[in-house]
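Engineer: As input, take coords.txt (compact mmCIF, C-alpha atoms):
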# COMPACT_ATOMS: atom_id res chain seq x y z
CA SER A 1 114.37 31.09 133.42
CA GLU A 2 116.25 31.32 130.11
CA LEU A 3 118.56 34.05 131.45
CA GLY A 4 119.37 31.83 134.42
CA THR A 5 120.92 29.31 132.05
CA ARG A 6 123.13 32.02 130.51
CA PRO A 7 125.49 33.19 133.28
CA GLU A 8 127.46 35.42 130.91
CA ARG A 9 124.27 37.37 130.13
CA MET A 10 123.31 37.59 133.79
CA ALA A 11 126.82 38.78 134.67
CA GLU A 12 126.46 41.60 132.14
CA LEU A 13 122.99 42.57 133.36
CA TYR A 14 124.13 42.68 136.97
CA TYR A 15 127.11 44.81 135.93
CA VAL A 16 124.91 47.27 134.02
CA ALA A 17 122.52 47.48 136.98
CA GLY A 18 125.49 48.25 139.23
CA LEU A 19 126.66 50.96 136.83
CA ILE A 20 123.22 52.60 136.86
CA TYR A 21 123.31 52.94 140.63
CA ASP A 22 126.95 54.07 140.40
CA GLU A 23 125.89 56.91 138.12
CA ILE A 24 123.12 57.88 140.55
CA VAL A 25 125.71 58.09 143.34
CA LYS A 26 127.98 60.22 141.16
CA SER A 27 125.12 62.63 140.46
CA VAL A 28 125.08 63.90 144.06
CA GLU A 29 127.49 66.61 145.13
CA PHE A 30 128.65 64.80 148.28
CA VAL A 31 128.17 61.23 149.47
CA SER A 32 126.15 61.11 152.69
CA ARG A 33 124.05 58.70 154.73
CA GLU A 34 121.24 59.16 152.19
CA THR A 35 123.58 58.01 149.43
CA MET A 36 123.72 54.57 151.04
CA ASP A 37 120.25 53.76 149.67
CA ASP A 38 121.81 53.76 146.17
CA LEU A 39 125.20 52.40 147.21
CA ARG A 40 123.68 49.23 148.67
CA PRO A 41 122.16 47.91 145.38
CA CYS A 42 125.24 49.13 143.49
CA ILE A 43 127.45 46.97 145.69
CA GLU A 44 125.09 43.99 145.60
CA PHE A 45 124.74 43.98 141.80
CA LEU A 46 128.49 44.33 141.25
CA ARG A 47 129.20 41.49 143.68
CA LYS A 48 126.77 39.24 141.78
CA SER A 49 128.36 40.11 138.45
CA ILE A 50 131.85 39.41 139.81
CA ALA A 51 130.79 36.05 141.27
CA LEU A 52 129.36 34.92 137.94
CA ARG A 53 132.38 36.13 135.95
CA GLU A 54 134.64 34.05 138.18
CA GLN A 55 132.90 30.92 136.89
CA LEU A 56 133.40 31.84 133.22
CA GLU A 57 136.49 31.12 131.17
CA GLY A 58 138.43 33.33 128.77
CA ASN A 59 140.25 36.65 128.86
CA HIS A 60 137.08 38.61 128.06
CA HIS A 61 135.50 37.52 131.32
CA LYS A 62 138.74 38.20 133.20
CA TYR A 63 138.74 41.75 131.85
CA GLN A 64 135.10 42.29 132.71
CA ARG A 65 135.62 40.89 136.19
CA ALA A 66 138.56 43.24 136.76
CA PHE A 67 136.52 46.27 135.61
CA ALA A 68 133.69 45.30 137.97
CA LEU A 69 136.14 44.83 140.84
CA VAL A 70 137.45 48.38 140.37
CA LYS A 71 133.91 49.77 140.30
CA LEU A 72 133.08 47.77 143.42
CA ALA A 73 136.18 49.10 145.17
CA PHE A 74 135.01 52.69 144.58
CA ALA A 75 131.50 51.86 145.80
CA LEU A 76 132.91 50.24 148.95
CA ASN A 77 135.10 53.28 149.53
CA ASN A 78 132.01 55.50 149.35
CA TRP A 79 130.16 53.19 151.73
CA SER A 80 133.06 53.44 154.18
CA ASP A 81 133.09 57.24 153.82
CA CYS A 82 129.40 57.25 154.72
CA GLY A 83 130.21 55.47 157.98
CA GLY A 84 128.70 52.06 157.22
CA ASP A 85 125.78 50.62 159.17
CA ALA A 86 124.91 47.70 161.43
CA SER A 87 124.74 45.27 158.49
CA PHE A 88 128.06 46.30 156.91
CA SER A 89 130.51 48.33 158.96
CA GLN A 90 132.80 51.13 157.81
CA SER A 91 135.93 49.07 158.54
CA SER A 92 134.57 45.99 156.75
CA ALA A 93 133.82 48.05 153.63
CA ALA A 94 137.29 49.60 153.67
CA ALA A 95 138.96 46.20 154.06
CA GLU A 96 136.88 44.63 151.27
CA GLY A 97 137.63 47.59 149.01
CA LEU A 98 141.39 47.04 149.32
CA GLN A 99 140.90 43.31 148.82
CA VAL A 100 138.88 43.59 145.62
CA VAL A 101 141.08 46.24 144.04
CA GLY A 102 144.04 43.95 144.80
CA GLU A 103 142.26 41.19 142.87
CA ALA A 104 141.72 43.56 139.94
CA ILE A 105 145.40 44.53 139.95
CA ALA A 106 146.46 40.86 139.87
CA ILE A 107 144.16 40.12 136.91
CA LEU A 108 145.31 43.14 134.90
CA ARG A 109 148.98 42.39 135.57
CA GLU A 110 148.40 38.86 134.30
CA LEU A 111 146.72 40.21 131.17
CA GLY A 112 149.45 42.82 130.59
CA ASP A 113 146.98 45.70 130.27
CA ASN A 114 149.01 48.67 131.52
CA GLY A 115 146.28 51.23 130.89
CA HIS A 116 143.62 49.61 133.03
CA LEU A 117 146.28 48.42 135.48
CA ALA A 118 147.29 52.06 135.99
CA GLU A 119 143.71 52.94 136.88
CA ALA A 120 143.44 50.01 139.30
CA VAL A 121 146.71 50.94 141.02
CA MET A 122 145.53 54.56 141.29
CA THR A 123 142.28 53.30 142.81
CA LYS A 124 144.22 51.38 145.45
CA GLY A 125 146.01 54.63 146.28
CA ILE A 126 142.69 56.41 146.75
CA LEU A 127 141.49 53.61 149.05
CA MET A 128 144.55 53.72 151.31
CA PRO A 129 143.91 55.12 154.80
CA ARG A 130 144.08 58.90 154.97
CA TYR A 131 147.44 60.32 156.10
CA ASN A 132 149.27 57.18 154.87
CA THR A 133 150.76 59.50 152.30
CA GLN A 134 153.91 57.53 151.49
CA ALA A 135 151.95 54.42 150.58
CA GLN A 136 149.51 56.52 148.53
CA THR A 137 152.16 58.42 146.61
CA ASP A 138 154.15 55.23 145.90
CA LEU A 139 151.03 53.78 144.29
CA TYR A 140 150.32 57.01 142.38
CA GLU A 141 153.90 57.09 141.06
CA GLU A 142 153.53 53.50 139.83
CA ALA A 143 150.15 54.32 138.28
CA LEU A 144 151.60 57.40 136.57
CA GLU A 145 154.44 55.42 135.00
CA LEU A 146 152.00 52.76 133.76
CA SER A 147 149.66 55.45 132.42
CA LYS A 148 152.46 57.10 130.45
CA GLN A 149 153.57 53.74 129.06
CA ALA A 150 150.04 52.98 127.90
CA TYR A 151 148.81 56.38 126.71
CA GLY A 152 151.79 58.72 126.31
CA GLU A 153 153.06 61.67 128.32
CA ASN A 154 149.78 63.59 128.68
CA ASN A 155 146.45 61.81 128.98
CA THR A 156 143.21 61.91 130.96
CA LEU A 157 144.26 59.27 133.47
CA SER A 158 147.57 60.99 134.20
CA SER A 159 145.73 64.24 134.94
CA ARG A 160 143.60 62.38 137.50
CA ILE A 161 146.68 60.80 139.07
CA TYR A 162 148.35 64.20 139.39
CA GLY A 163 145.19 65.53 141.02
CA ASN A 164 145.10 62.66 143.51
CA MET A 165 148.75 63.22 144.35
CA GLY A 166 147.93 66.85 145.07
CA ILE A 167 145.10 65.76 147.36
CA ALA A 168 147.41 63.36 149.24
CA TYR A 169 149.93 66.10 149.99
CA GLU A 170 147.21 68.64 150.76
CA THR A 171 145.81 66.23 153.36
CA ILE A 172 149.02 66.35 155.40
CA GLY A 173 149.55 70.07 154.90
CA GLN A 174 152.47 69.86 152.42
CA LEU A 175 151.05 72.59 150.27
CA ARG A 176 154.09 73.22 148.10
CA LYS A 177 154.04 69.63 146.89
CA ALA A 178 150.25 69.78 146.58
CA TYR A 179 150.59 72.94 144.47
CA LYS A 180 153.16 71.25 142.23
CA TYR A 181 150.84 68.33 141.46
CA PHE A 182 147.70 70.46 141.08
CA GLN A 183 149.72 72.51 138.61
CA LEU A 184 150.70 69.38 136.68
CA ALA A 185 147.05 68.26 136.67
CA ALA A 186 145.99 71.61 135.19
CA GLN A 187 148.75 71.53 132.57
CA CYS A 188 147.91 67.95 131.63
CA THR A 189 144.18 68.59 131.20
CA GLU A 190 144.90 71.70 129.14
CA GLU A 191 147.20 69.69 126.88
CA VAL A 192 144.60 66.93 126.47
CA PHE A 193 141.32 68.90 126.37
CA GLY A 194 142.29 72.52 125.64
CA PRO A 195 142.17 75.64 127.84
CA ASP A 196 138.39 76.07 127.89
CA HIS A 197 137.32 72.52 128.72
CA PRO A 198 135.44 72.09 132.05
CA LYS A 199 138.07 69.67 133.36
CA THR A 200 140.83 72.19 132.63
CA LEU A 201 138.87 74.99 134.27
CA GLN A 202 138.15 72.78 137.29
CA ASN A 203 141.86 72.08 137.82
CA GLN A 204 142.75 75.71 137.18
CA ALA A 205 140.22 76.77 139.81
CA VAL A 206 142.18 74.86 142.46
CA LEU A 207 145.28 76.92 141.65
CA GLU A 208 143.21 80.10 141.96
CA GLU A 209 142.17 79.33 145.53
CA ASP A 210 143.60 81.82 148.03
CA THR A 211 145.87 79.23 149.61
CA TYR A 212 147.56 78.26 146.37
CA VAL A 213 147.76 81.81 145.06
CA ALA A 214 149.70 82.62 148.23
CA VAL A 215 151.95 79.55 147.79
CA ALA A 216 152.66 80.60 144.19
CA ARG A 217 153.56 84.13 145.31
CA GLN A 218 155.94 82.83 147.95
CA ILE A 219 157.65 80.54 145.43
CA GLN A 220 157.98 83.47 143.03
CA ARG A 221 159.44 85.73 145.75
CA GLU A 222 161.99 83.07 146.70
CA ALA A 223 162.99 82.63 143.08
CA GLU A 224 163.45 86.39 142.69
CA ASN A 225 165.58 86.48 145.84
CA GLY A 226 167.66 83.54 144.72
CA GLY A 227 166.52 81.35 147.60
CA VAL A 228 164.88 77.96 147.03
CA GLN A 229 163.09 76.09 149.82
CA GLU A 230 163.75 72.38 150.06
CA GLU A 231 160.76 70.62 148.53
CA ASP A 232 160.67 67.88 151.13
CA GLY A 233 160.76 70.30 154.06
CA SER A 234 157.88 71.67 156.06
CA ASP A 235 155.63 74.31 154.56
CA ASP A 236 156.90 77.53 156.12
CA TYR A 237 154.17 79.39 154.28
CA PHE A 238 151.95 78.66 157.30
CA ASP A 239 152.67 79.74 160.84
CA SER A 240 154.33 76.75 162.49
CA ASP A 241 151.83 76.96 165.36
CA GLU A 242 148.97 76.16 163.01
CA GLY A 243 148.62 72.39 162.76
CA ILE A 244 146.52 70.37 160.40
CA ASP A 245 144.01 69.48 163.09
CA GLU A 246 142.97 73.09 163.72
CA HIS A 247 141.20 73.29 160.37
CA SER A 248 140.62 69.56 159.88
CA ALA A 249 136.84 69.70 159.37
CA GLU A 250 137.00 72.36 156.69
CA GLU A 251 140.01 70.78 155.02
CA ASP A 252 138.40 67.34 155.05
CA ASN A 253 135.34 68.75 153.26
CA VAL A 254 137.51 70.37 150.57
CA GLN A 255 139.57 67.21 150.11
CA GLU A 256 136.48 65.00 149.93
CA GLU A 257 135.06 67.29 147.26
CA ARG A 258 138.30 67.10 145.25
CA GLN A 259 138.38 63.31 145.64
CA GLU A 260 134.78 62.96 144.48
CA GLN A 261 135.53 65.12 141.42
CA GLN A 262 138.43 62.80 140.58
CA GLN A 263 136.19 59.74 141.02
CA GLU A 264 133.49 61.19 138.77
CA ASP A 265 135.93 60.88 135.87
CA GLN A 266 136.39 57.20 136.60
Could you spell out this file's structure in structure tokens?
Structural biologist:
Amino acid sequence: SELGTRPERMAELYYVAGLIYDEIVKSVEFVSRETMDDLRPCIEFLRKSIALREQLEGNHHKYQRAFALVKLAFALNNWSDCGGDASFSQSSAAAEGLQVVGEAIAILRELGDNGHLAEAVMTKGILMPRYNTQAQTDLYEEALELSKQAYGENNTLSSRIYGNMGIAYETIGQLRKAYKYFQLAAQCTEEVFGPDHPKTLQNQAVLEEDTYVAVARQIQREAENGGVQEEDGSDDYFDSDEGIDEHSAEEDNVQEERQEQQQEDQ
């Protein structure tokens, strides 16, 4: 009726409806097949909002469309992680996610908004196929530079980027590099929020895991002995016979949990 003649109002309502379902998805500990019942309307409402915004003129609507595209990209990534279904496959969701975040990046570059552009570029990194670490880290490095330009050396977004860089290296078993970036994430959140904030404690907890305590001890021993391992070499901390695949299920669960914690801050 009256709302149908006001596309800008309908675009906003669809966006808010999408955000409500997005918050419901974030409230669960892990995304699963059951999560798809809330992801489906989230995706549908965001798509409707984006389609209406495309018809509207002005920078305000461009901004709002870009924000909705980033939200949609995360929702599509979650749908893909859940495995998709007969109506919308895992691969189709992953492909659309990269497409829409690319649209958001183009809009934000045009508008010269480095802060939100940094978040969109980081999101593209998250959506890249697992184990494509070089592509991911290139995007994270770009996002980090944009984040610092927009918000200064230490800020909330940079802490998330550091955390995602740690996850990328952890995924391929480069635990020294992962440790370095998890350490930077913890330092950044402490600088921004203080030592007792939940986000700081969450990042500090990663460094207190047995694996990273052992990595820290090895680095300390090498420093005391005057020997420094090349940072881009293999992680000799682990027995060379132990490949990533041997513990892939457990590691994937840990990495998915870390990734979801990063996305909750989005």
Engineer: Quick check, in Å to one decimal: how far apart do CA of Val100 in chain A and CA of Asp113 in chain A lie?
Structural biologist: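 Between CA of Val100 in chain A and CA of Asp113 in chain A the gap is 17.5 Å.
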Engineer: May I ask for the distance between CA of Ala185 in chain A and CA of Lys71 in chain A, given in Å to one decimal place?
Structural biologist: 23.0 Å
Engineer: Could you put an axis-aligned box around every listed atom of range 128-131 of chain A, padded by 3 Å on each side, and send me its centre and edge lengths in Å to one decimal, as JSON?
Structural biologist:
{"center_x": 145.7, "center_y": 57.0, "center_z": 153.7, "size_x": 9.5, "size_y": 12.6, "size_z": 10.8}
Engineer: What is the distance, in Å and to one decimal place, between CA of Leu201 in chain A and CA of Glu224 in chain A?
Structural biologist: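 Here the two named atoms are 28.4 Å from each other.
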Engineer: Please identify all polymer residues within 10 Å of range 16-19 of chain A, counting all atoms listed in the file, omitting same-chain residues fewer than 6 positions from it, and present them as an MDAnalysis selection string.
Structural biologist: chainID A and resid 10 25 38:49 68 71:72 75
Engineer: Residues around (141.7, 53.2, 148.0), cut-off 9 Å, counting only C-alpha atoms - what are they as a ChimeraX atom specification?
Structural biologist: /A:73-74,77,94,97-98,101,121-129,136
Engineer: Restricted to C-alpha atoms, what would the selected residues look like written as a compact mmCIF listing (two decimals), keeping the file's coordinate frame?
Structural biologist:
# COMPACT_ATOMS: atom_id res chain seq x y z
CA ALA A 73 136.18 49.10 145.17
CA PHE A 74 135.01 52.69 144.58
CA ASN A 77 135.10 53.28 149.53
CA ALA A 94 137.29 49.60 153.67
CA GLY A 97 137.63 47.59 149.01
CA LEU A 98 141.39 47.04 149.32
CA VAL A 101 141.08 46.24 144.04
CA VAL A 121 146.71 50.94 141.02
CA MET A 122 145.53 54.56 141.29
CA THR A 123 142.28 53.30 142.81
CA LYS A 124 144.22 51.38 145.45
CA GLY A 125 146.01 54.63 146.28
CA ILE A 126 142.69 56.41 146.75
CA LEU A 127 141.49 53.61 149.05
CA MET A 128 144.55 53.72 151.31
CA PRO A 129 143.91 55.12 154.80
CA GLN A 136 149.51 56.52 148.53
Engineer: From the set A:Glu96, A:Asp81, A:Glu119, A:Glu208, which residue has the shortest atom-to-atom contact distance to Val31 in chain A, counting all atoms listed in the file?
Structural biologist: A:Asp81
Engineer: Find the residues around Arg65 in chain A up to 8 Å (all atoms listed in the file counted), leave out those fewer than 2 positions away in its own chain, and share them as a ChimeraX atom specification.
Structural biologist: /A:49-50,53-54,61-63,67-69,104
Engineer: I want to know what sits within 12 Å of Asn155 in chain A, based on only C-alpha atoms, with residues of the same chain fewer than 5 positions away left out; could you give that as a count of residues only?
Structural biologist: 22
Engineer: Which residue is closest to Ala135 in chain A? Choose from A:Ser91, A:Ala66, A:Met165, A:Arg109 and count only C-alpha atoms.
Structural biologist: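 With only C-alpha atoms as the atom set, the closest residue is A:Met165.
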Engineer: Using all atoms listed in the file, which of the listed residues (A:Pro7, A:Asn154, A:Val215, A:Asn203) sits closest to Glu57 in chain A?
Structural biologist: A:Pro7
